[in-house]
Each structure stands twice: as structure tokens, then as C-alpha cells.
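For reference, data-v9.txt (compact mmCIF, N, CA and C atoms):
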```txt
# COMPACT_ATOMS: atom_id res chain seq x y z
N MET A 130 9.49 5.07 -3.95
CA MET A 130 8.28 4.71 -3.24
C MET A 130 8.36 3.23 -2.92
N ILE A 131 7.94 2.91 -1.72
CA ILE A 131 7.98 1.53 -1.23
C ILE A 131 6.56 1.12 -0.84
N ALA A 132 6.22 -0.13 -1.10
CA ALA A 132 4.95 -0.66 -0.61
C ALA A 132 5.15 -2.07 -0.11
N LEU A 133 4.56 -2.36 1.01
CA LEU A 133 4.46 -3.72 1.52
C LEU A 133 3.02 -4.13 1.25
N ILE A 134 2.85 -5.10 0.36
CA ILE A 134 1.49 -5.51 -0.01
C ILE A 134 1.18 -6.87 0.61
N GLN A 135 -0.06 -7.00 1.01
CA GLN A 135 -0.53 -8.26 1.57
C GLN A 135 -1.84 -8.62 0.89
N ARG A 136 -1.91 -9.85 0.41
CA ARG A 136 -3.17 -10.35 -0.15
C ARG A 136 -4.08 -10.65 1.04
N VAL A 137 -5.28 -10.08 1.01
CA VAL A 137 -6.17 -10.20 2.15
C VAL A 137 -7.55 -10.71 1.74
N LEU A 138 -8.21 -11.33 2.70
CA LEU A 138 -9.63 -11.67 2.54
C LEU A 138 -10.47 -10.46 2.93
N SER A 139 -9.92 -9.67 3.88
CA SER A 139 -10.56 -8.41 4.28
C SER A 139 -9.54 -7.59 5.05
N ALA A 140 -9.76 -6.28 5.07
CA ALA A 140 -8.89 -5.37 5.83
C ALA A 140 -9.66 -4.09 6.09
N ASN A 141 -9.37 -3.48 7.24
CA ASN A 141 -9.97 -2.19 7.53
C ASN A 141 -9.02 -1.37 8.38
N VAL A 142 -9.21 -0.07 8.32
CA VAL A 142 -8.38 0.85 9.10
C VAL A 142 -9.32 1.78 9.86
N THR A 143 -9.01 1.96 11.14
CA THR A 143 -9.80 2.85 11.98
C THR A 143 -8.92 3.96 12.54
N VAL A 144 -9.53 5.11 12.75
CA VAL A 144 -8.90 6.25 13.39
C VAL A 144 -9.88 6.73 14.46
N ASP A 145 -9.41 6.79 15.71
CA ASP A 145 -10.28 7.21 16.82
C ASP A 145 -11.59 6.42 16.85
N ASP A 146 -11.48 5.10 16.71
CA ASP A 146 -12.62 4.18 16.76
C ASP A 146 -13.61 4.35 15.61
N GLU A 147 -13.23 5.07 14.56
CA GLU A 147 -14.08 5.23 13.38
C GLU A 147 -13.42 4.52 12.20
N THR A 148 -14.16 3.64 11.53
CA THR A 148 -13.63 2.98 10.34
C THR A 148 -13.57 4.01 9.22
N VAL A 149 -12.36 4.22 8.70
CA VAL A 149 -12.18 5.20 7.62
C VAL A 149 -11.93 4.55 6.28
N GLY A 150 -11.63 3.26 6.27
CA GLY A 150 -11.43 2.52 5.03
C GLY A 150 -11.57 1.03 5.28
N ALA A 151 -12.22 0.33 4.35
CA ALA A 151 -12.40 -1.12 4.50
C ALA A 151 -12.56 -1.75 3.12
N ILE A 152 -11.99 -2.95 2.98
CA ILE A 152 -12.14 -3.72 1.74
C ILE A 152 -12.43 -5.18 2.07
N GLY A 153 -12.97 -5.87 1.09
CA GLY A 153 -13.10 -7.32 1.16
C GLY A 153 -11.85 -7.91 0.53
N PRO A 154 -11.97 -8.99 -0.22
CA PRO A 154 -10.80 -9.61 -0.85
C PRO A 154 -10.04 -8.62 -1.74
N GLY A 155 -8.72 -8.62 -1.62
CA GLY A 155 -7.89 -7.73 -2.42
C GLY A 155 -6.52 -7.55 -1.82
N LEU A 156 -6.01 -6.32 -1.89
CA LEU A 156 -4.67 -6.01 -1.39
C LEU A 156 -4.71 -4.89 -0.36
N LEU A 157 -3.97 -5.09 0.72
CA LEU A 157 -3.64 -4.03 1.65
C LEU A 157 -2.24 -3.59 1.27
N ALA A 158 -2.06 -2.31 1.01
CA ALA A 158 -0.74 -1.78 0.64
C ALA A 158 -0.33 -0.71 1.63
N LEU A 159 0.73 -0.99 2.39
CA LEU A 159 1.33 -0.01 3.28
C LEU A 159 2.39 0.70 2.44
N VAL A 160 2.30 2.02 2.35
CA VAL A 160 3.09 2.78 1.37
C VAL A 160 3.95 3.83 2.06
N ALA A 161 5.23 3.86 1.70
CA ALA A 161 6.15 4.90 2.17
C ALA A 161 6.65 5.70 0.98
N VAL A 162 6.67 7.01 1.15
CA VAL A 162 7.21 7.90 0.13
C VAL A 162 8.61 8.30 0.56
N GLN A 163 9.53 8.32 -0.40
CA GLN A 163 10.91 8.71 -0.14
C GLN A 163 11.19 10.09 -0.73
N PRO A 164 12.26 10.75 -0.29
CA PRO A 164 12.51 12.14 -0.68
C PRO A 164 12.54 12.40 -2.18
N ARG A 165 13.05 11.49 -2.97
CA ARG A 165 13.17 11.73 -4.41
C ARG A 165 11.98 11.26 -5.22
N ASP A 166 10.95 10.78 -4.55
CA ASP A 166 9.78 10.28 -5.27
C ASP A 166 9.00 11.41 -5.92
N GLY A 167 8.41 11.08 -7.07
CA GLY A 167 7.62 12.04 -7.82
C GLY A 167 6.62 11.31 -8.70
N GLU A 168 6.23 11.94 -9.78
CA GLU A 168 5.20 11.39 -10.66
C GLU A 168 5.59 10.02 -11.22
N ALA A 169 6.83 9.87 -11.64
CA ALA A 169 7.26 8.59 -12.23
C ALA A 169 7.12 7.45 -11.22
N GLN A 170 7.49 7.69 -9.97
CA GLN A 170 7.41 6.66 -8.94
C GLN A 170 5.95 6.35 -8.59
N ALA A 171 5.10 7.38 -8.55
CA ALA A 171 3.68 7.15 -8.27
C ALA A 171 3.04 6.33 -9.39
N GLN A 172 3.34 6.67 -10.63
CA GLN A 172 2.81 5.92 -11.77
C GLN A 172 3.29 4.47 -11.75
N ARG A 173 4.58 4.29 -11.49
CA ARG A 173 5.15 2.93 -11.47
C ARG A 173 4.56 2.11 -10.32
N MET A 174 4.40 2.73 -9.15
CA MET A 174 3.83 1.99 -8.03
C MET A 174 2.40 1.58 -8.34
N LEU A 175 1.62 2.47 -8.92
CA LEU A 175 0.26 2.10 -9.29
C LEU A 175 0.26 0.93 -10.26
N GLN A 176 1.12 0.99 -11.25
CA GLN A 176 1.22 -0.09 -12.23
C GLN A 176 1.52 -1.42 -11.53
N ARG A 177 2.42 -1.38 -10.57
CA ARG A 177 2.78 -2.61 -9.86
C ARG A 177 1.66 -3.08 -8.94
N LEU A 178 1.01 -2.15 -8.23
CA LEU A 178 -0.08 -2.53 -7.33
C LEU A 178 -1.22 -3.20 -8.10
N LEU A 179 -1.57 -2.63 -9.24
CA LEU A 179 -2.69 -3.17 -10.00
C LEU A 179 -2.31 -4.39 -10.83
N GLY A 180 -1.06 -4.49 -11.22
CA GLY A 180 -0.65 -5.56 -12.13
C GLY A 180 0.11 -6.72 -11.53
N TYR A 181 0.57 -6.59 -10.29
CA TYR A 181 1.38 -7.66 -9.68
C TYR A 181 0.50 -8.90 -9.50
N ARG A 182 0.98 -10.02 -10.00
CA ARG A 182 0.17 -11.24 -10.03
C ARG A 182 0.33 -12.04 -8.73
N VAL A 183 -0.61 -11.84 -7.82
CA VAL A 183 -0.56 -12.50 -6.52
C VAL A 183 -1.82 -13.31 -6.21
N PHE A 184 -2.76 -13.34 -7.17
CA PHE A 184 -4.01 -14.07 -6.96
C PHE A 184 -4.02 -15.33 -7.82
N ALA A 185 -4.64 -16.38 -7.29
CA ALA A 185 -4.62 -17.68 -7.95
C ALA A 185 -5.51 -17.71 -9.19
N ASP A 186 -5.01 -18.41 -10.20
CA ASP A 186 -5.82 -18.68 -11.39
C ASP A 186 -6.58 -19.99 -11.15
N ASP A 187 -7.21 -20.52 -12.16
CA ASP A 187 -7.99 -21.75 -12.02
C ASP A 187 -7.14 -22.96 -11.66
N ASN A 188 -5.83 -22.88 -11.89
CA ASN A 188 -4.92 -23.98 -11.57
C ASN A 188 -4.20 -23.76 -10.25
N GLY A 189 -4.57 -22.73 -9.51
CA GLY A 189 -3.95 -22.48 -8.21
C GLY A 189 -2.62 -21.74 -8.28
N LYS A 190 -2.23 -21.28 -9.46
CA LYS A 190 -0.96 -20.54 -9.62
C LYS A 190 -1.23 -19.05 -9.46
N MET A 191 -0.27 -18.32 -8.91
CA MET A 191 -0.40 -16.88 -8.77
C MET A 191 -0.18 -16.22 -10.13
N ASN A 192 -1.24 -16.14 -10.91
CA ASN A 192 -1.17 -15.59 -12.27
C ASN A 192 -2.17 -14.47 -12.50
N ARG A 193 -2.92 -14.07 -11.47
CA ARG A 193 -3.93 -13.04 -11.64
C ARG A 193 -3.59 -11.81 -10.80
N SER A 194 -3.88 -10.67 -11.35
CA SER A 194 -3.58 -9.39 -10.69
C SER A 194 -4.84 -8.82 -10.04
N LEU A 195 -4.67 -7.72 -9.34
CA LEU A 195 -5.81 -7.02 -8.76
C LEU A 195 -6.75 -6.54 -9.87
N THR A 196 -6.19 -6.09 -10.97
CA THR A 196 -7.02 -5.69 -12.11
C THR A 196 -7.83 -6.87 -12.62
N ASP A 197 -7.22 -8.04 -12.70
CA ASP A 197 -7.91 -9.24 -13.18
C ASP A 197 -9.06 -9.64 -12.26
N THR A 198 -8.85 -9.53 -10.95
CA THR A 198 -9.84 -10.01 -9.98
C THR A 198 -10.89 -8.95 -9.63
N GLY A 199 -10.55 -7.67 -9.83
CA GLY A 199 -11.46 -6.60 -9.42
C GLY A 199 -11.54 -6.42 -7.93
N GLY A 200 -10.57 -6.96 -7.20
CA GLY A 200 -10.56 -6.87 -5.74
C GLY A 200 -10.33 -5.47 -5.23
N GLY A 201 -10.51 -5.30 -3.93
CA GLY A 201 -10.31 -4.00 -3.29
C GLY A 201 -8.84 -3.68 -3.10
N LEU A 202 -8.56 -2.40 -2.94
CA LEU A 202 -7.21 -1.92 -2.66
C LEU A 202 -7.31 -0.94 -1.50
N LEU A 203 -6.64 -1.27 -0.39
CA LEU A 203 -6.60 -0.40 0.77
C LEU A 203 -5.20 0.18 0.86
N LEU A 204 -5.06 1.47 0.55
CA LEU A 204 -3.77 2.16 0.59
C LEU A 204 -3.62 2.87 1.94
N VAL A 205 -2.53 2.58 2.64
CA VAL A 205 -2.28 3.18 3.95
C VAL A 205 -0.88 3.76 3.96
N SER A 206 -0.77 5.03 4.28
CA SER A 206 0.56 5.65 4.36
C SER A 206 1.29 5.12 5.59
N GLN A 207 2.57 4.79 5.41
CA GLN A 207 3.36 4.27 6.53
C GLN A 207 4.83 4.62 6.30
N PHE A 208 5.23 5.79 6.79
CA PHE A 208 6.60 6.27 6.57
C PHE A 208 7.64 5.36 7.19
N THR A 209 7.29 4.55 8.19
CA THR A 209 8.28 3.71 8.86
C THR A 209 8.86 2.64 7.93
N LEU A 210 8.19 2.35 6.82
CA LEU A 210 8.75 1.38 5.86
C LEU A 210 10.06 1.88 5.26
N ALA A 211 10.25 3.18 5.25
CA ALA A 211 11.46 3.75 4.67
C ALA A 211 12.60 3.86 5.69
N ALA A 212 12.41 3.33 6.87
CA ALA A 212 13.43 3.44 7.92
C ALA A 212 14.72 2.72 7.53
N ASP A 213 15.83 3.29 7.97
CA ASP A 213 17.13 2.64 7.83
C ASP A 213 17.38 1.89 9.13
N THR A 214 17.43 0.58 9.05
CA THR A 214 17.60 -0.27 10.24
C THR A 214 18.92 -1.04 10.22
N ARG A 215 19.85 -0.60 9.39
CA ARG A 215 21.10 -1.36 9.21
C ARG A 215 22.03 -1.33 10.40
N SER A 216 21.92 -0.33 11.25
CA SER A 216 22.83 -0.29 12.40
C SER A 216 22.09 0.24 13.62
N GLY A 217 22.67 -0.03 14.76
CA GLY A 217 22.11 0.47 16.00
C GLY A 217 20.83 -0.24 16.39
N MET A 218 20.19 0.31 17.41
CA MET A 218 18.98 -0.29 17.95
C MET A 218 17.78 0.66 17.84
N ARG A 219 17.95 1.71 17.06
CA ARG A 219 16.86 2.66 16.84
C ARG A 219 16.83 3.00 15.36
N PRO A 220 15.65 2.95 14.73
CA PRO A 220 15.59 3.23 13.30
C PRO A 220 15.87 4.71 13.00
N SER A 221 16.43 4.95 11.83
CA SER A 221 16.63 6.30 11.33
C SER A 221 15.62 6.52 10.21
N PHE A 222 15.02 7.71 10.19
CA PHE A 222 14.01 7.99 9.18
C PHE A 222 14.48 9.00 8.15
N THR A 223 15.78 9.13 7.99
CA THR A 223 16.31 10.09 7.01
C THR A 223 15.98 9.69 5.58
N SER A 224 15.65 8.42 5.36
CA SER A 224 15.31 7.98 4.00
C SER A 224 13.81 8.07 3.73
N ALA A 225 13.04 8.61 4.67
CA ALA A 225 11.61 8.84 4.45
C ALA A 225 11.40 10.29 4.05
N ALA A 226 10.40 10.54 3.25
CA ALA A 226 10.09 11.90 2.81
C ALA A 226 9.60 12.75 3.98
N GLU A 227 9.86 14.04 3.88
CA GLU A 227 9.28 14.99 4.83
C GLU A 227 7.76 14.90 4.71
N PRO A 228 7.02 15.21 5.79
CA PRO A 228 5.57 15.04 5.76
C PRO A 228 4.84 15.71 4.57
N ALA A 229 5.18 16.93 4.22
CA ALA A 229 4.47 17.60 3.13
C ALA A 229 4.70 16.88 1.80
N HIS A 230 5.95 16.48 1.55
CA HIS A 230 6.28 15.75 0.32
C HIS A 230 5.59 14.39 0.34
N GLY A 231 5.65 13.71 1.47
CA GLY A 231 5.01 12.40 1.60
C GLY A 231 3.52 12.46 1.36
N ARG A 232 2.87 13.46 1.97
CA ARG A 232 1.42 13.60 1.80
C ARG A 232 1.07 13.86 0.33
N HIS A 233 1.82 14.76 -0.30
CA HIS A 233 1.54 15.09 -1.70
C HIS A 233 1.60 13.86 -2.59
N TRP A 234 2.66 13.08 -2.48
CA TRP A 234 2.83 11.95 -3.39
C TRP A 234 1.99 10.74 -3.00
N PHE A 235 1.68 10.59 -1.71
CA PHE A 235 0.74 9.55 -1.32
C PHE A 235 -0.64 9.88 -1.87
N GLU A 236 -1.06 11.14 -1.72
CA GLU A 236 -2.37 11.54 -2.24
C GLU A 236 -2.44 11.45 -3.76
N ARG A 237 -1.32 11.70 -4.43
CA ARG A 237 -1.29 11.54 -5.89
C ARG A 237 -1.47 10.07 -6.26
N LEU A 238 -0.78 9.18 -5.54
CA LEU A 238 -0.95 7.74 -5.78
C LEU A 238 -2.40 7.34 -5.56
N LEU A 239 -3.01 7.83 -4.51
CA LEU A 239 -4.41 7.54 -4.22
C LEU A 239 -5.31 8.04 -5.35
N GLU A 240 -5.07 9.24 -5.82
CA GLU A 240 -5.85 9.81 -6.93
C GLU A 240 -5.72 8.96 -8.19
N LEU A 241 -4.51 8.57 -8.52
CA LEU A 241 -4.29 7.72 -9.69
C LEU A 241 -5.01 6.38 -9.53
N ALA A 242 -4.92 5.80 -8.34
CA ALA A 242 -5.54 4.50 -8.09
C ALA A 242 -7.06 4.58 -8.22
N ARG A 243 -7.65 5.63 -7.67
CA ARG A 243 -9.11 5.77 -7.73
C ARG A 243 -9.59 6.01 -9.15
N THR A 244 -8.76 6.61 -9.98
CA THR A 244 -9.12 6.82 -11.37
C THR A 244 -9.04 5.52 -12.16
N ALA A 245 -8.10 4.66 -11.79
CA ALA A 245 -7.83 3.46 -12.57
C ALA A 245 -8.54 2.20 -12.10
N HIS A 246 -9.01 2.18 -10.84
CA HIS A 246 -9.51 0.93 -10.27
C HIS A 246 -10.68 1.20 -9.32
N PRO A 247 -11.73 0.39 -9.39
CA PRO A 247 -12.83 0.56 -8.44
C PRO A 247 -12.46 0.00 -7.07
N GLY A 248 -13.10 0.46 -6.04
CA GLY A 248 -12.92 -0.14 -4.72
C GLY A 248 -11.63 0.22 -4.02
N VAL A 249 -11.14 1.45 -4.21
CA VAL A 249 -9.92 1.90 -3.54
C VAL A 249 -10.31 2.65 -2.28
N GLU A 250 -9.74 2.23 -1.17
CA GLU A 250 -9.98 2.84 0.14
C GLU A 250 -8.65 3.29 0.72
N THR A 251 -8.70 4.08 1.78
CA THR A 251 -7.47 4.57 2.39
C THR A 251 -7.65 4.79 3.87
N GLY A 252 -6.52 5.01 4.53
CA GLY A 252 -6.53 5.42 5.93
C GLY A 252 -6.55 6.93 5.99
N ARG A 253 -5.90 7.49 6.99
CA ARG A 253 -5.82 8.94 7.14
C ARG A 253 -4.35 9.31 7.34
N PHE A 254 -3.80 10.04 6.39
CA PHE A 254 -2.38 10.40 6.40
C PHE A 254 -2.01 11.07 7.73
N GLY A 255 -0.95 10.61 8.36
CA GLY A 255 -0.42 11.23 9.57
C GLY A 255 -1.14 10.88 10.85
N ALA A 256 -2.24 10.15 10.76
CA ALA A 256 -3.01 9.80 11.95
C ALA A 256 -2.48 8.50 12.57
N HIS A 257 -2.82 8.30 13.83
CA HIS A 257 -2.57 7.00 14.45
C HIS A 257 -3.69 6.08 13.98
N MET A 258 -3.32 5.06 13.22
CA MET A 258 -4.31 4.17 12.62
C MET A 258 -4.19 2.78 13.21
N VAL A 259 -5.32 2.12 13.34
CA VAL A 259 -5.37 0.73 13.74
C VAL A 259 -5.85 -0.05 12.53
N ILE A 260 -5.04 -1.02 12.11
CA ILE A 260 -5.35 -1.80 10.91
C ILE A 260 -5.64 -3.23 11.32
N GLN A 261 -6.75 -3.74 10.83
CA GLN A 261 -7.10 -5.14 11.02
C GLN A 261 -7.15 -5.79 9.66
N LEU A 262 -6.59 -6.99 9.58
CA LEU A 262 -6.59 -7.68 8.30
C LEU A 262 -6.65 -9.18 8.49
N VAL A 263 -7.16 -9.84 7.49
CA VAL A 263 -7.12 -11.29 7.41
C VAL A 263 -6.26 -11.59 6.20
N ASN A 264 -4.98 -11.96 6.45
CA ASN A 264 -4.03 -12.23 5.39
C ASN A 264 -4.40 -13.55 4.73
N ASP A 265 -4.40 -13.58 3.42
CA ASP A 265 -4.79 -14.74 2.65
C ASP A 265 -3.55 -15.44 2.13
N GLY A 266 -3.14 -16.51 2.78
CA GLY A 266 -1.99 -17.27 2.30
C GLY A 266 -1.11 -17.82 3.42
N PRO A 267 -0.37 -17.02 4.09
CA PRO A 267 -0.13 -15.59 3.91
C PRO A 267 0.66 -15.30 2.63
N VAL A 268 0.30 -14.20 2.01
CA VAL A 268 1.00 -13.72 0.83
C VAL A 268 1.36 -12.27 1.08
N THR A 269 2.67 -11.99 1.15
CA THR A 269 3.16 -10.65 1.43
C THR A 269 4.38 -10.38 0.56
N PHE A 270 4.40 -9.21 -0.10
CA PHE A 270 5.53 -8.85 -0.95
C PHE A 270 5.94 -7.41 -0.69
N TRP A 271 7.22 -7.14 -0.91
CA TRP A 271 7.82 -5.82 -0.80
C TRP A 271 8.01 -5.31 -2.22
N LEU A 272 7.40 -4.15 -2.55
CA LEU A 272 7.57 -3.54 -3.85
C LEU A 272 8.35 -2.24 -3.69
N ASP A 273 9.26 -1.98 -4.59
CA ASP A 273 10.09 -0.78 -4.52
C ASP A 273 10.23 -0.22 -5.93
N THR A 274 9.96 1.08 -6.08
CA THR A 274 10.09 1.71 -7.39
C THR A 274 11.48 2.27 -7.61
N GLY A 275 12.32 2.20 -6.57
CA GLY A 275 13.67 2.76 -6.65
C GLY A 275 14.53 1.95 -7.52
```

Mind converting the file's structure to C-alpha cells?
Amino acid sequence: MIALIQRVLSANVTVDDETVGAIGPGLLALVAVQPRDGEAQAQRMLQRLLGYRVFADDNGKMNRSLTDTGGGLLLVSQFTLAADTRSGMRPSFTSAAEPAHGRHWFERLLELARTAHPGVETGRFGAHMVIQLVNDGPVTFWLDTG
């Protein structure tokens, strides 16, 4: 499982001009599921999303996690993160999970997140989504459970 996380002041996702998920300060996580992902990867990704220290402490150092701050978490499925771009001029998606597998494990990650943390929002799996965000920093990290 792969996630591109961005520390945000706010973020929202719309589908067909309808806002389906929105957060204030917190993390926007674009998430890709890979073919071999399962429960262990979902658990590990949740641990990293909630525990990764990207928020400033009183001294301005990145020592606080999403759990520490109580910020929002906007999870958005994005299979293109798993693309193989090493050669050619067109990405290959053979390293991304098939849609049914991807949906299952993305929804499991969402379920785990909602159980463990308040303020979890999401987009709509498989839909064309428009995401607006105000990146704070900018602070952006690539997380991989592989």
C-alpha cells in the first residue's frame, strides 16, 4: 500500500459538483492499493498515517502526529500512485491492484481509520474526483508499506 500524504490547512473532494469529503487542518492521504496488499498492509498504513510526525511542536519541530493533534484525515483512493513510470512515455498500471481488490482494501483502511480516529473523511472510490487543498508548508511525504 502506498500513500502520498500532505499536511493541509484544509482539503475537500467533490464528485459531480457535490462535496463528498472535507477536513480542516490535518492530512490529505492519496492511497494506492497494490496486488499483494492485505490486512497487514492496511494495519501498517493506518499506523503510519496516524503516527507519522509531521506537525510542529511548541518549538517548531515536526514532532507531533495526527493522533497528537486530533486533526482531520481525508483518505482518497488513487491507483495512479502505483504506476510504473521507469520507462517509456506512458505509465503502466500492472503494479496497481485490480479494482475489486483495491476497493476492498481501501475500504478496510477507511474502516480501521474511522474506528481509531475522529474526523476521517473520504472521496468516492472509482469516481472522477476533484480535490482542493491548502498545503501547509508545503509538507508532503511518500509512505510505503512494502

Exercise. What is the atom CA of Asn141 of chain A-atom N of Gly153 of chain A distance in Å, reported with one decimal?
Worked result: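 Between atom CA of Asn141 of chain A and atom N of Gly153 of chain A the gap works out to 8.0 Å.
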
For this session: Quick one: everything within 6.5 Å of segment 215-225 of chain A, counting only N, CA and C atoms, minus sequence neighbours fewer than 5 positions away in the same chain. Send it as a PyMOL selection string.
Result: chain A and resi 162-164+208

Exercise. Taking into account only N, CA and C atoms, which residue in the set A:Leu239, A:Ile152, A:Ala161, A:Ala185 is nearest to Gly200 of chain A?
Worked result: A:Ile152

For this session: Determine the nearest neighbour of Gly252 of chain A from the options A:Val142, A:Arg182, A:Gly189, A:Glu240, counting all atoms listed in the file.
Result: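 Closest to Gly252 of chain A, using all atoms listed in the file: A:Val142.
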
Seminar exercise, completed: One decimal place gives the atom C of Arg173 of chain A-atom CA of Thr274 of chain A separation as 6.3 Å

Exercise. What is the distance, in Å and to one decimal place, between atom CA of His257 of chain A and atom CA of Pro228 of chain A?
Worked result: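 Calculated distance between atom CA of His257 of chain A and atom CA of Pro228 of chain A is 14.4 Å.
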
For this session: Rank nothing, just name the residue among A:Pro267, A:Gly201, A:Gly231, A:Gly275 nearest to Pro247 of chain A, using only C-alpha atoms.
Result: A:Gly201

Problem set entry | Distance query segment 130-136 of chain A at most 6 Å, only C-alpha atoms, self and fewer than 2 positions along chain excluded, as a list in words |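 With the cut-off at 6 Å, the set is Gly155, Leu156, Leu157, Ala158, Leu159, Val160, Ala161, Val162, Gln163, Asn264, Asp265, Val268, Thr269, Phe270, Trp271, Leu272, Asp273 and Thr274 of chain A.
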
For this session: Find, counting only C-alpha atoms, the residue in A:Gly180, A:Gly167, A:Gly199, A:Gly248 that gets nearest to Trp234 of chain A.
Result: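 Using only C-alpha atoms, Trp234 of chain A sits closest to A:Gly167.
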
Exercise. Quick one: of A:Leu175, A:Pro154, A:Phe235, A:Gly266, who's nearest to Thr198 of chain A, counting only N, CA and C atoms?
Worked result: A:Pro154

For this session: Can you check which residues of segment 143-192 of chain A DSSP gives as helix (DSSP H, G or I) on the backbone and send them as a count of residues only?
Result: 13
